[in-house]
Amino acid sequence: MKTIDAKHKDLRAVNQALRASLNGEPVTVRHAAHVHGLAAGLKQGQVEIAGDAGDYLGVLNAGATLHVQRNAGQYLADNMTAGTVIVDGDAGYGAGQYCYGGTVVVRGDAGDFTATMNKGAVILVAGDVGDEAGTYMLKGDLVIVGDAGANFANYLIRGTVYIGGAWRSLGHNTRVEPLTEADLAKLRGYFEQYGLTADPARFQKVVAASPKPFYN
Amino acid sequence: MAVIGAFCISVNQEACLNAQMPGKCATCAEVCPHGVYALDLASGAMHIQNYNACVGCRICAEFCPADAIRINPAESEYLSRYPWTLAAVEEVHAKAQTGEYLLRGFGTQGPTPNFDTITVVPSQIASAAPRDKYREECDLEVIIGADTCSQPLRLKLPFVWAAMSFGALSQEAKQALAIGAALTGIATNTGEGGLVPAEAWLARGYADEARAHKQWDPGGYLVIQWSTGRWGVSADYVNAGDAVEVKIGQGAKPGMGGHLLGSKVTEAVSRVRGVPVGSDALSPCRYYDVQTPEDMRRMVAFLRDVTDYRVPILFKLGPSRPYADVAACIEAGADAISIDGLVGGTGCSPDIVTQGVGIPTIACLPPAVQALKDYGVHRQVKLIALGGLRNGLDAFKALAMGADAVGFGSAAEIAMGCRACYACHKGNCPYGITSQKPELRARLDPLAAGQKLANFIHACAEEVKILTMLSGHRAIADLSTEDLRALDMNTAALTGLKLAGYERPLPIWEALAPVGRQGNGHTASERRSGSRGARPKTRRKPPLPSLN
Ligand SMILES: Cc1cc2nc3c(=O)[nH]c(=O)nc-3n(C[C@H](O)[C@H](O)[C@H](O)COP(=O)(O)O)c2cc1C
Ligand code: SF4
Ligand code: SF4
């Protein structure tokens, strides 16, 4: 496996080295916590981030698979359209925002504003999330195994939010619905695929009360 | 100031074909998209069923085969009943009935400080002699990102189409803007609603996706807008153009984000934006993925990286605190900064925000220029003036105040046929410019409208040229505030321009007057070499912010 040491390198140098190395084989990047926007806009490839990742990891990701062995910074997988981003530790503020597609898996906790304006990605958090998770989500799934903070799923328009624990307060335009067989199968599928231990039966489902909420 | 109850409709019964021969003509009912006229199917007679719905677009008068219709503003009341004009009364009634605030398209109404109270100072004997518009050259080119990216944006003329989104505009209008840009070598802008696919090749002058045949010379550019709603944004999207514009705000609704009503979210718009059909698309008022100036710098850095350091990064600001905001854009790494003034156009906004929030364009420019100068990057980081520009005269004044280029939004709509009826938000534009309805869109031919847009730009370019040369300059980059005078105290106070007659800035400005430009309006280096002065290479922090 090819390795890039990001120590003392700037974003341009690291991403250029990364793009040049991605020819079918996975690439490991070390010492990349100071690099914000690592692996931006990649169309393919497999990147292993040894240690922590900085902010905006995998921004505009368009097909690559990224794996962070420890924690990720803020805005993980921002505006991703395809690919997979997996973090073994925690993710900071705003993980999985503005995504049109792909999958984000955070095995630890995620911060405030997780999956805000998600427009089609699957975002799984094995731990807890902060406030405003799923705010103004327009499509896709947000699955939280632990608890959520305040204003959960605020102004949900479309898409589905599943939660295994409790929320502090539910946002506007939300409705809690019972899980269907299809929901259970979907959750089971996600948990199996990403090796999460959780019982789908104890989850609650939150959907939009109306696809056309009245703003005034 | 609402768009309800603002117009009186008179139909000359003697001329009206329908009045003479009921059933023989129903043109007004057919063309009016606001349901003002109704045809009685039994008798064939036409009547006016809703006076208050008239927005004054005048398409009925334009199409009436007998020239029988006149639409007059109900504004004579302005004098006798102000502030309780008919429109103000109707506005209160509408709110009392619905409990909703009003929305408005197009822009600000009524007088606000603008370029009209500034005059151009021509060259005579004491200053550099005028140049001959007919036989001498004038450099109108503007290059953005010359020292930061591998493919700088080379505008042939100092104009851009302001960002106007697909959704707010019809697909046909987007295409027309792209063709107009291709015919003139200027840039069109996706706006915040994602890419209409044809825009990318039409803007470069190609009629086909494969770009095999260049149809329109010299070919223009496409600016990709990156905004808080991130509608239709992907790595491919940011790479589809010749620049990326980070939208912070716009003049019509600074601090509010975008506003596209559900009635305009059709199947096609929904596909690009990812909002359900019929549901309002309300962009957030701020970036969810930026919390600090450091984040903004990182955003610029990754946008440069994703576009392979190829294209310039632009910022677009609403009119708030121009000095500090422009400084923040410079610090974030902008190659160009657009600043949109109070009267800047819109597809749809709350009308109190469009009417009452923000700083006029003429008052935004001096602090914006001062910030660029304090950082040593004026004319290196380009400044683009937006908001209320109507012609080459306005454009010249903005350029002389220190902008490098200007943008047209409303004027572009008008060049395509718009009659400034302020009802774009309703989605029933009678000219198919701001409508998504197929029957109204069919009224706009992108080729013909593209040509009109190009004609408008060419005319404005000639106007800028005339004014540049009569004031003794060979390039727009050599213009300065010395080429202008304020015509009244208010304008002198807002802009720091010398007051005509008094021939000095008002004393409140004198302490801040920029050094290095005096007398005949030519810098020392200009006098020496006949060209622009040397530019500092690095961005330095200003010694002391002098404004805001
Ligand atoms: C129909 C319409 C749609 C607009 N859409 C956007 C947009 O998507 N993004 C943006 O930054 N500004 C948008 N604007 C504002 C313009 O980019 C520009 O700031 C403004 O129109 C300039 O003022 P002017 O209309 O007086 O020329 C829009 C304006 C109009 C008229
Ligand atoms: S809205 Fe336009 S078309 Fe309709 S009556 Fe008024 S001016 Fe005529
Ligand atoms: S674009 Fe159309 S709806 Fe908007 S002001 Fe012009 S004519 Fe009226």
# chains A, B, ... in the order shown; residues from 1 in each chain; ligands from 1
$ residues_near_ligand --ligand "ligand 1" --cutoff "7 Å" --atoms "only C-alpha atoms and all ligand atoms" --output "ChimeraX atom specification"
/B:106-107,162-165,168-169,191-193,247,249-251,258,316,340,343-347,386-389,407-411,434
$ write_last_selection --atoms "N, CA, C and O atoms" --output "short mmCIF file (atom, residue, chain, number, x, y, z; two decimals), in the first residue's frame"
data_model
loop_
_atom_site.label_atom_id
_atom_site.label_comp_id
_atom_site.auth_asym_id
_atom_site.auth_seq_id
_atom_site.Cartn_x
_atom_site.Cartn_y
_atom_site.Cartn_z
N PHE B 106 -38.34 41.39 -8.70
CA PHE B 106 -37.67 42.46 -9.44
C PHE B 106 -36.77 43.36 -8.60
O PHE B 106 -35.58 43.36 -8.81
N GLY B 107 -37.31 44.14 -7.66
CA GLY B 107 -36.38 44.99 -6.91
C GLY B 107 -37.05 46.10 -6.14
O GLY B 107 -38.25 46.10 -5.92
N ALA B 162 -25.34 39.43 -13.89
CA ALA B 162 -25.41 39.10 -12.48
C ALA B 162 -25.97 37.68 -12.33
O ALA B 162 -26.63 37.17 -13.23
N ALA B 163 -25.67 37.07 -11.20
CA ALA B 163 -26.17 35.72 -10.93
C ALA B 163 -27.70 35.73 -10.91
O ALA B 163 -28.30 36.49 -10.16
N MET B 164 -28.30 34.93 -11.77
CA MET B 164 -29.76 34.78 -11.72
C MET B 164 -30.05 33.30 -11.92
O MET B 164 -29.66 32.71 -12.92
N SER B 165 -30.72 32.71 -10.95
CA SER B 165 -30.80 31.25 -10.90
C SER B 165 -31.82 30.69 -11.86
O SER B 165 -32.83 31.34 -12.17
N ALA B 168 -35.66 30.86 -10.65
CA ALA B 168 -36.11 32.25 -10.71
C ALA B 168 -36.33 32.61 -12.17
O ALA B 168 -37.34 33.19 -12.56
N LEU B 169 -35.34 32.27 -13.02
CA LEU B 169 -35.45 32.50 -14.45
C LEU B 169 -35.88 31.21 -15.15
O LEU B 169 -35.62 30.12 -14.67
N GLY B 191 -26.02 31.45 -11.09
CA GLY B 191 -26.92 31.76 -9.97
C GLY B 191 -26.92 30.57 -9.04
O GLY B 191 -26.18 29.59 -9.24
N GLU B 192 -27.79 30.62 -8.04
CA GLU B 192 -27.68 29.60 -7.01
C GLU B 192 -28.53 28.37 -7.29
O GLU B 192 -28.64 27.51 -6.44
N GLY B 193 -29.12 28.30 -8.48
CA GLY B 193 -30.04 27.19 -8.73
C GLY B 193 -29.48 26.04 -9.53
O GLY B 193 -30.23 25.28 -10.12
N LYS B 247 -21.28 32.97 -2.98
CA LYS B 247 -22.30 33.97 -2.66
C LYS B 247 -22.44 34.13 -1.15
O LYS B 247 -22.73 33.17 -0.45
N GLY B 249 -24.18 37.18 -0.07
CA GLY B 249 -25.48 37.82 -0.01
C GLY B 249 -25.78 38.57 -1.29
O GLY B 249 -24.96 38.61 -2.20
N GLN B 250 -26.96 39.17 -1.35
CA GLN B 250 -27.34 40.00 -2.49
C GLN B 250 -28.14 41.19 -2.00
O GLN B 250 -28.73 41.14 -0.91
N GLY B 251 -28.16 42.23 -2.81
CA GLY B 251 -28.74 43.50 -2.38
C GLY B 251 -30.20 43.45 -2.02
O GLY B 251 -30.66 44.15 -1.11
N GLY B 258 -31.69 32.55 -0.30
CA GLY B 258 -32.53 32.56 -1.50
C GLY B 258 -33.98 32.24 -1.19
O GLY B 258 -34.32 31.78 -0.10
N LYS B 316 -19.44 37.26 -3.65
CA LYS B 316 -20.54 38.19 -3.88
C LYS B 316 -21.14 38.62 -2.56
O LYS B 316 -21.56 37.78 -1.76
N ASP B 340 -23.25 44.14 -4.22
CA ASP B 340 -24.58 44.44 -4.75
C ASP B 340 -25.24 45.47 -3.84
O ASP B 340 -25.25 45.30 -2.63
N VAL B 343 -30.63 48.52 -4.24
CA VAL B 343 -31.70 48.35 -5.23
C VAL B 343 -31.50 47.11 -6.09
O VAL B 343 -32.23 46.90 -7.05
N GLY B 344 -30.53 46.27 -5.77
CA GLY B 344 -30.25 45.06 -6.56
C GLY B 344 -31.50 44.22 -6.77
O GLY B 344 -32.35 44.12 -5.88
N GLY B 345 -31.60 43.63 -7.94
CA GLY B 345 -32.79 42.88 -8.32
C GLY B 345 -32.91 41.54 -7.63
O GLY B 345 -32.00 41.05 -6.96
N THR B 346 -34.08 40.92 -7.81
CA THR B 346 -34.37 39.64 -7.17
C THR B 346 -35.47 38.91 -7.93
O THR B 346 -36.27 39.55 -8.61
N GLY B 347 -35.49 37.60 -7.80
CA GLY B 347 -36.60 36.84 -8.35
C GLY B 347 -37.77 36.86 -7.38
O GLY B 347 -38.94 36.85 -7.77
N LEU B 386 -22.65 46.00 -8.53
CA LEU B 386 -23.98 45.53 -8.92
C LEU B 386 -25.03 46.38 -8.22
O LEU B 386 -24.77 46.97 -7.19
N GLY B 387 -26.23 46.34 -8.77
CA GLY B 387 -27.35 46.97 -8.07
C GLY B 387 -27.74 48.29 -8.69
O GLY B 387 -27.13 49.33 -8.42
N GLY B 388 -28.74 48.23 -9.58
CA GLY B 388 -29.30 49.46 -10.12
C GLY B 388 -28.57 50.02 -11.32
O GLY B 388 -28.82 51.16 -11.71
N LEU B 389 -27.68 49.25 -11.94
CA LEU B 389 -26.97 49.77 -13.11
C LEU B 389 -27.84 49.58 -14.35
O LEU B 389 -28.36 48.49 -14.59
N GLY B 407 -22.06 44.61 -13.09
CA GLY B 407 -22.98 43.52 -13.44
C GLY B 407 -24.38 44.06 -13.67
O GLY B 407 -24.80 45.03 -13.04
N PHE B 408 -25.08 43.41 -14.59
CA PHE B 408 -26.46 43.77 -14.86
C PHE B 408 -27.37 42.58 -14.53
O PHE B 408 -27.14 41.47 -15.03
N GLY B 409 -28.38 42.81 -13.72
CA GLY B 409 -29.40 41.81 -13.46
C GLY B 409 -30.70 42.26 -14.09
O GLY B 409 -31.12 41.80 -15.15
N SER B 410 -31.35 43.24 -13.45
CA SER B 410 -32.63 43.75 -13.95
C SER B 410 -32.49 44.25 -15.38
O SER B 410 -33.37 44.01 -16.22
N ALA B 411 -31.41 44.98 -15.68
CA ALA B 411 -31.25 45.52 -17.03
C ALA B 411 -31.18 44.38 -18.05
O ALA B 411 -31.66 44.53 -19.18
N THR B 434 -39.23 35.10 -16.21
CA THR B 434 -39.19 34.57 -14.85
C THR B 434 -40.37 33.64 -14.59
O THR B 434 -40.92 33.62 -13.50
#
$ residues_around --residues "Arg70 (chain A)" --least-positions-apart "5" --cutoff "7 Å" --atoms "only C-alpha atoms" --output "PyMOL selection string"
chain A and resi 51-52+87-89
$ select_by_dssp --residues "region 15-176 of chain A" --states "alpha helix (DSSP H)" --output "number ranges by chain"
A: 15-21
$ interface_residues --of "chain A" --to "chain B" --cutoff "8 Å" --atoms "only C-alpha atoms" --output "PyMOL selection string"
chain A and resi 11-12+15+36-37+40-41+59-62+75+78-81+94+97-98+113+116-117+119+138-139+158+211-213+216
$ atom_distance --atom1 "CA of Ala328 (chain B)" --atom2 "CA of Ala115 (chain A)"
27.7 Å
$ residues_near_ligand --ligand "ligand 2" --cutoff "10 Å" --atoms "only C-alpha atoms and all ligand atoms" --output "number ranges by chain"
B: 6-10, 27-37, 48-64, 69-72, 419, 421, 423, 428-430
$ residues_around --residues "Ala493 (chain B)" --least-positions-apart "2" --cutoff "8 Å" --atoms "only C-alpha atoms" --output "ChimeraX atom specification"
/B:489-491,495-497,506,508-509
$ decode --residues "region 195-210 of chain A" --atoms "N, CA, C and O atoms" --output "compact mmCIF listing (two decimals), in the first residue's frame"
# COMPACT_ATOMS: atom_id res chain seq x y z
N GLY A 195 -21.30 -3.22 10.29
CA GLY A 195 -20.91 -3.87 11.53
C GLY A 195 -21.33 -3.11 12.78
O GLY A 195 -20.58 -3.03 13.75
N LEU A 196 -22.51 -2.51 12.78
CA LEU A 196 -22.99 -1.80 13.97
C LEU A 196 -23.89 -2.75 14.76
O LEU A 196 -24.70 -3.48 14.18
N THR A 197 -23.74 -2.72 16.09
CA THR A 197 -24.63 -3.57 16.89
C THR A 197 -25.76 -2.71 17.43
O THR A 197 -25.55 -1.87 18.31
N ALA A 198 -26.92 -2.92 16.89
CA ALA A 198 -28.10 -2.17 17.35
C ALA A 198 -29.33 -2.98 16.97
O ALA A 198 -29.30 -3.71 15.98
N ASP A 199 -30.36 -2.80 17.76
CA ASP A 199 -31.59 -3.56 17.50
C ASP A 199 -32.58 -2.64 16.77
O ASP A 199 -33.12 -1.71 17.38
N PRO A 200 -32.83 -2.89 15.50
CA PRO A 200 -33.73 -2.00 14.73
C PRO A 200 -35.09 -1.83 15.39
O PRO A 200 -35.70 -0.77 15.27
N ALA A 201 -35.53 -2.81 16.12
CA ALA A 201 -36.89 -2.76 16.68
C ALA A 201 -37.07 -1.62 17.67
O ALA A 201 -38.17 -1.14 17.90
N ARG A 202 -35.98 -1.16 18.30
CA ARG A 202 -36.16 -0.10 19.30
C ARG A 202 -36.02 1.31 18.70
O ARG A 202 -36.01 2.31 19.41
N PHE A 203 -35.93 1.39 17.39
CA PHE A 203 -35.76 2.70 16.74
C PHE A 203 -37.10 3.41 16.53
O PHE A 203 -38.14 2.78 16.44
N GLN A 204 -37.02 4.72 16.48
CA GLN A 204 -38.20 5.52 16.11
C GLN A 204 -37.92 6.18 14.76
O GLN A 204 -36.76 6.43 14.42
N LYS A 205 -39.00 6.46 14.08
CA LYS A 205 -38.83 7.07 12.76
C LYS A 205 -39.47 8.45 12.75
O LYS A 205 -40.61 8.63 13.17
N VAL A 206 -38.73 9.43 12.22
CA VAL A 206 -39.27 10.80 12.11
C VAL A 206 -39.33 11.17 10.63
O VAL A 206 -38.35 11.01 9.90
N VAL A 207 -40.48 11.64 10.21
CA VAL A 207 -40.64 12.09 8.82
C VAL A 207 -41.19 13.51 8.82
O VAL A 207 -41.56 14.05 9.86
N ALA A 208 -41.27 14.10 7.62
CA ALA A 208 -41.81 15.46 7.51
C ALA A 208 -43.32 15.43 7.71
O ALA A 208 -44.00 14.56 7.17
N ALA A 209 -43.81 16.39 8.47
CA ALA A 209 -45.26 16.49 8.65
C ALA A 209 -45.89 16.87 7.31
O ALA A 209 -46.95 16.38 6.94
N SER A 210 -45.21 17.75 6.56
CA SER A 210 -45.71 18.14 5.24
C SER A 210 -44.52 18.38 4.33
O SER A 210 -43.51 18.95 4.77
